[in-house]
$ cat model16.cif   # mmCIF, C-alpha atoms and all ligand atoms
data_start
loop_
_atom_site.label_atom_id
_atom_site.label_comp_id
_atom_site.auth_asym_id
_atom_site.auth_seq_id
_atom_site.Cartn_x
_atom_site.Cartn_y
_atom_site.Cartn_z
CA MET O 23 83.54 110.76 91.31
CA ILE O 24 86.84 112.04 89.96
CA PRO O 25 89.75 110.11 91.47
CA ASP O 26 92.13 112.34 93.40
CA PHE O 27 95.75 111.84 92.38
CA HIS O 28 97.08 113.55 95.47
CA GLY O 29 97.13 112.28 99.02
CA PRO O 30 97.00 114.60 102.03
CA HIS O 31 99.57 117.39 102.22
CA ALA O 32 101.11 118.80 105.39
CA GLY O 33 99.51 122.16 106.11
CA VAL O 34 101.27 125.48 105.87
CA ARG O 35 102.39 126.26 109.40
CA THR O 36 100.39 128.87 111.19
CA ALA O 37 102.23 131.52 113.25
CA ASP O 38 101.31 129.89 116.56
CA ALA O 39 101.91 126.31 115.41
CA GLU O 40 103.25 123.80 117.90
CA SER O 41 106.93 122.99 117.27
CA ILE O 42 107.54 119.28 116.96
CA ASP O 43 110.77 118.19 118.63
CA TRP O 44 112.38 116.37 115.70
CA HIS O 45 115.30 114.10 116.46
CA ASP O 46 117.38 111.54 114.62
CA PRO O 47 115.61 108.19 114.30
CA LEU O 48 116.66 105.56 116.83
CA PRO O 49 116.76 101.94 115.64
CA ARG O 50 114.90 100.70 118.70
CA PHE O 51 111.66 99.55 117.12
CA TYR O 52 110.99 96.46 115.09
CA ARG O 53 108.09 95.90 112.71
CA VAL O 54 107.31 99.58 112.28
CA ARG O 55 103.99 100.04 110.53
CA VAL O 56 103.21 103.13 108.50
CA LEU O 57 99.60 103.97 109.28
CA ARG O 58 99.33 107.08 107.10
CA HIS O 59 101.55 109.20 104.94
CA THR O 60 101.36 112.52 103.21
CA CYS O 61 101.46 113.01 99.44
CA GLU O 62 104.62 111.90 97.63
CA CYS O 63 104.53 114.96 95.38
CA ARG O 64 106.38 117.01 98.01
CA THR O 65 110.10 116.79 98.73
CA ARG O 66 109.12 116.47 102.38
CA VAL O 67 106.93 113.50 103.21
CA TYR O 68 105.53 112.68 106.63
CA GLU O 69 104.58 109.24 107.90
CA LEU O 70 102.53 108.28 110.93
CA CYS O 71 104.37 105.24 112.30
CA ALA O 72 103.44 102.70 114.93
CA SER O 73 105.22 99.91 116.77
CA SER O 74 105.02 98.24 120.17
CA GLY O 75 101.90 100.17 121.18
CA LEU O 76 103.51 103.54 120.48
CA ALA O 77 103.18 105.93 117.57
CA TRP O 78 105.19 108.84 116.21
CA ILE O 79 105.68 110.91 113.10
CA ARG O 80 108.54 110.45 110.70
CA ARG O 81 109.69 113.30 108.47
CA ILE O 82 111.46 112.30 105.28
CA GLU O 83 113.16 114.94 103.21
CA ARG O 84 114.46 114.09 99.76
CA THR O 85 116.97 116.53 98.33
CA PRO O 86 119.63 116.12 95.64
CA ALA O 87 122.12 115.75 98.51
CA GLY O 88 120.29 112.72 99.87
CA VAL O 89 117.51 111.65 102.20
CA THR O 90 117.18 113.04 105.72
CA VAL O 91 114.93 111.29 108.20
CA LYS O 92 113.79 112.81 111.49
CA GLU O 93 111.25 111.54 113.98
CA SER O 94 109.04 112.94 116.71
CA HIS O 95 109.06 111.33 120.16
CA PRO O 96 107.08 108.08 120.37
CA THR O 97 103.85 108.56 122.27
CA SER O 98 100.41 106.99 122.56
CA TYR O 99 98.37 106.34 119.40
CA GLY O 100 95.86 108.96 120.45
CA LYS O 101 98.44 111.68 120.97
CA ALA O 102 100.30 110.83 117.77
CA GLU O 103 97.04 110.87 115.82
CA GLU O 104 96.24 114.27 117.32
CA LEU O 105 99.68 115.57 116.32
CA TRP O 106 99.18 114.13 112.81
CA LYS O 107 95.93 116.06 112.41
CA LYS O 108 97.68 119.23 113.60
CA LEU O 109 100.45 118.64 111.09
CA LEU O 110 97.98 118.35 108.22
CA SER O 111 96.16 121.48 109.28
CA GLY O 112 99.34 123.54 109.83
CA GLN O 113 98.95 123.69 113.62
CA ALA O 114 102.18 121.76 114.17
CA GLY O 115 105.37 121.16 112.25
ZN ZN C 201 100.41 116.04 96.26
#

$ encode --input "model16.cif" --output "C-alpha cells"
Amino acid sequence: MIPDFHGPHAGVRTADAESIDWHDPLPRFYRVRVLRHTCECRTRVYELCASSGLAWIRRIERTPAGVTVKESHPTSYGKAEELWKKLLSGQAG
C-alpha cells in the first residue's frame, strides 16, 4: 500500500449546497477535542470539534494577513458528523 500524504479535503461546493451559518468562535467551551480535520495543504482547514456533548465545525483560514477562525453552531454529534460528511462531499460549506 502506498501511504497517502494528504488527508481529506473539503469538497468543491455544489450549486445547491447547504450554507453553513459561520460565526465568530465563542470562548464558552473547555477541553475542546478535535475529532477530525481536513488536509493541512489548503489555506482553509476545517476541524470537527467536540466538547460537553456537543459538536461543531471550525473553519480556519490562514492568509498572509493572519488567521481567521469561524465556527458553525454547536449541535449533536450525529448532526455535526452529518454536516462534516456534507462538507467533504461539497454538499455544504
Ligand atoms: Zn492535501

$ closest_residue --input "model16.cif" --among "O:Arg64, O:His31, O:Lys101, O:Lys107" --to "O:Thr85" --atoms "all atoms listed in the file"
O:Arg64

$ residues_near_ligand --input "model16.cif" --ligand "ligand ZN 201 (chain C)" --cutoff "10 Å" --atoms "all atoms listed in the file" --output "VMD selection string"
chain O and resid 26 to 32 60 to 64 67

$ atom_distance --input "model16.cif" --atom1 "atom CA of O:Arg35" --atom2 "atom CA of O:Ser73"
27.5 Å

$ residues_around --input "model16.cif" --residues "O:Leu70" --least-positions-apart "6" --cutoff "12 Å" --atoms "all atoms listed in the file" --output "PyMOL selection string"
chain O and resi 32+54-60+76-82+93-107+109-110

$ write_last_selection --input "model16.cif" --atoms "C-alpha atoms" --output "tab-separated table (two decimals), in the frame of the given file"
chain	number	residue	atom	x	y	z
O	32	ALA	CA	101.11	118.80	105.39
O	54	VAL	CA	107.31	99.58	112.28
O	55	ARG	CA	103.99	100.04	110.53
O	56	VAL	CA	103.21	103.13	108.50
O	57	LEU	CA	99.60	103.97	109.28
O	58	ARG	CA	99.33	107.08	107.10
O	59	HIS	CA	101.55	109.20	104.94
O	60	THR	CA	101.36	112.52	103.21
O	76	LEU	CA	103.51	103.54	120.48
O	77	ALA	CA	103.18	105.93	117.57
O	78	TRP	CA	105.19	108.84	116.21
O	79	ILE	CA	105.68	110.91	113.10
O	80	ARG	CA	108.54	110.45	110.70
O	81	ARG	CA	109.69	113.30	108.47
O	82	ILE	CA	111.46	112.30	105.28
O	93	GLU	CA	111.25	111.54	113.98
O	94	SER	CA	109.04	112.94	116.71
O	95	HIS	CA	109.06	111.33	120.16
O	96	PRO	CA	107.08	108.08	120.37
O	97	THR	CA	103.85	108.56	122.27
O	98	SER	CA	100.41	106.99	122.56
O	99	TYR	CA	98.37	106.34	119.40
O	100	GLY	CA	95.86	108.96	120.45
O	101	LYS	CA	98.44	111.68	120.97
O	102	ALA	CA	100.30	110.83	117.77
O	103	GLU	CA	97.04	110.87	115.82
O	104	GLU	CA	96.24	114.27	117.32
O	105	LEU	CA	99.68	115.57	116.32
O	106	TRP	CA	99.18	114.13	112.81
O	107	LYS	CA	95.93	116.06	112.41
O	109	LEU	CA	100.45	118.64	111.09
O	110	LEU	CA	97.98	118.35	108.22

$ atom_distance --input "model16.cif" --atom1 "atom CA of O:Asp43" --atom2 "atom CA of O:Gln113"
14.0 Å

$ atom_distance --input "model16.cif" --atom1 "atom CA of O:Ala114" --atom2 "atom CA of O:Arg50"
25.0 Å

$ decode --input "model16.cif" --residues "stretch 50-84 of chain O" --atoms "N, CA and C atoms" --output "compact mmCIF listing (two decimals), in the first residue's frame"
# COMPACT_ATOMS: atom_id res chain seq x y z
N ARG O 50 -16.80 29.62 24.98
CA ARG O 50 -17.67 29.07 26.03
C ARG O 50 -17.41 27.61 26.33
N PHE O 51 -16.54 26.98 25.54
CA PHE O 51 -16.29 25.56 25.77
C PHE O 51 -14.87 25.33 26.28
N TYR O 52 -14.76 24.41 27.20
CA TYR O 52 -13.46 24.00 27.69
C TYR O 52 -13.16 22.61 27.13
N ARG O 53 -11.90 22.26 27.12
CA ARG O 53 -11.48 20.93 26.68
C ARG O 53 -12.09 20.55 25.33
N VAL O 54 -11.90 21.41 24.37
CA VAL O 54 -12.41 21.11 23.02
C VAL O 54 -11.51 20.06 22.38
N ARG O 55 -12.15 19.01 21.90
CA ARG O 55 -11.40 17.94 21.23
C ARG O 55 -11.62 18.05 19.73
N VAL O 56 -10.54 17.90 18.97
CA VAL O 56 -10.65 17.89 17.52
C VAL O 56 -10.76 16.44 17.09
N LEU O 57 -11.94 16.07 16.59
CA LEU O 57 -12.19 14.67 16.22
C LEU O 57 -11.62 14.34 14.85
N ARG O 58 -11.74 15.30 13.93
CA ARG O 58 -11.22 15.12 12.57
C ARG O 58 -10.79 16.47 12.03
N HIS O 59 -9.95 16.43 11.04
CA HIS O 59 -9.60 17.69 10.38
C HIS O 59 -9.27 17.41 8.92
N THR O 60 -9.43 18.44 8.12
CA THR O 60 -9.12 18.28 6.70
C THR O 60 -7.62 18.51 6.50
N CYS O 61 -7.18 18.26 5.28
CA CYS O 61 -5.76 18.31 4.93
C CYS O 61 -5.15 19.70 5.14
N GLU O 62 -3.96 19.70 5.70
CA GLU O 62 -3.24 20.95 6.01
C GLU O 62 -2.66 21.62 4.76
N CYS O 63 -2.78 20.99 3.62
CA CYS O 63 -2.18 21.55 2.40
C CYS O 63 -2.97 22.76 1.90
N ARG O 64 -4.19 22.91 2.35
CA ARG O 64 -5.04 24.02 1.91
C ARG O 64 -4.89 25.20 2.85
N THR O 65 -5.16 26.40 2.34
CA THR O 65 -5.11 27.58 3.21
C THR O 65 -6.31 27.57 4.15
N ARG O 66 -7.36 26.87 3.74
CA ARG O 66 -8.55 26.75 4.58
C ARG O 66 -8.64 25.33 5.12
N VAL O 67 -8.59 25.21 6.43
CA VAL O 67 -8.65 23.90 7.08
C VAL O 67 -9.89 23.85 7.95
N TYR O 68 -10.57 22.72 7.92
CA TYR O 68 -11.76 22.53 8.73
C TYR O 68 -11.48 21.49 9.81
N GLU O 69 -12.08 21.72 10.98
CA GLU O 69 -11.93 20.78 12.08
C GLU O 69 -13.32 20.42 12.61
N LEU O 70 -13.50 19.15 12.91
CA LEU O 70 -14.73 18.71 13.58
C LEU O 70 -14.40 18.69 15.06
N CYS O 71 -15.05 19.58 15.82
CA CYS O 71 -14.73 19.77 17.24
C CYS O 71 -15.84 19.24 18.12
N ALA O 72 -15.48 18.83 19.32
CA ALA O 72 -16.48 18.35 20.27
C ALA O 72 -16.12 18.79 21.68
N SER O 73 -17.16 19.10 22.45
CA SER O 73 -17.00 19.43 23.86
C SER O 73 -18.37 19.40 24.52
N SER O 74 -18.41 18.97 25.75
CA SER O 74 -19.65 18.99 26.55
C SER O 74 -20.83 18.35 25.83
N GLY O 75 -20.59 17.26 25.11
CA GLY O 75 -21.68 16.55 24.45
C GLY O 75 -22.19 17.20 23.18
N LEU O 76 -21.52 18.26 22.75
CA LEU O 76 -21.91 18.94 21.51
C LEU O 76 -20.76 18.88 20.53
N ALA O 77 -21.08 19.09 19.26
CA ALA O 77 -20.05 19.09 18.23
C ALA O 77 -20.35 20.18 17.21
N TRP O 78 -19.32 20.66 16.57
CA TRP O 78 -19.46 21.71 15.57
C TRP O 78 -18.25 21.68 14.65
N ILE O 79 -18.29 22.51 13.62
CA ILE O 79 -17.18 22.56 12.68
C ILE O 79 -16.49 23.91 12.79
N ARG O 80 -15.18 23.86 12.81
CA ARG O 80 -14.38 25.07 12.89
C ARG O 80 -13.68 25.26 11.54
N ARG O 81 -13.72 26.48 11.06
CA ARG O 81 -13.08 26.80 9.77
C ARG O 81 -11.91 27.73 10.04
N ILE O 82 -10.73 27.29 9.68
CA ILE O 82 -9.52 28.07 9.93
C ILE O 82 -8.91 28.48 8.60
N GLU O 83 -8.77 29.77 8.43
CA GLU O 83 -8.23 30.28 7.18
C GLU O 83 -6.91 30.99 7.46
N ARG O 84 -5.86 30.51 6.81
CA ARG O 84 -4.55 31.13 7.01
C ARG O 84 -4.18 31.94 5.76
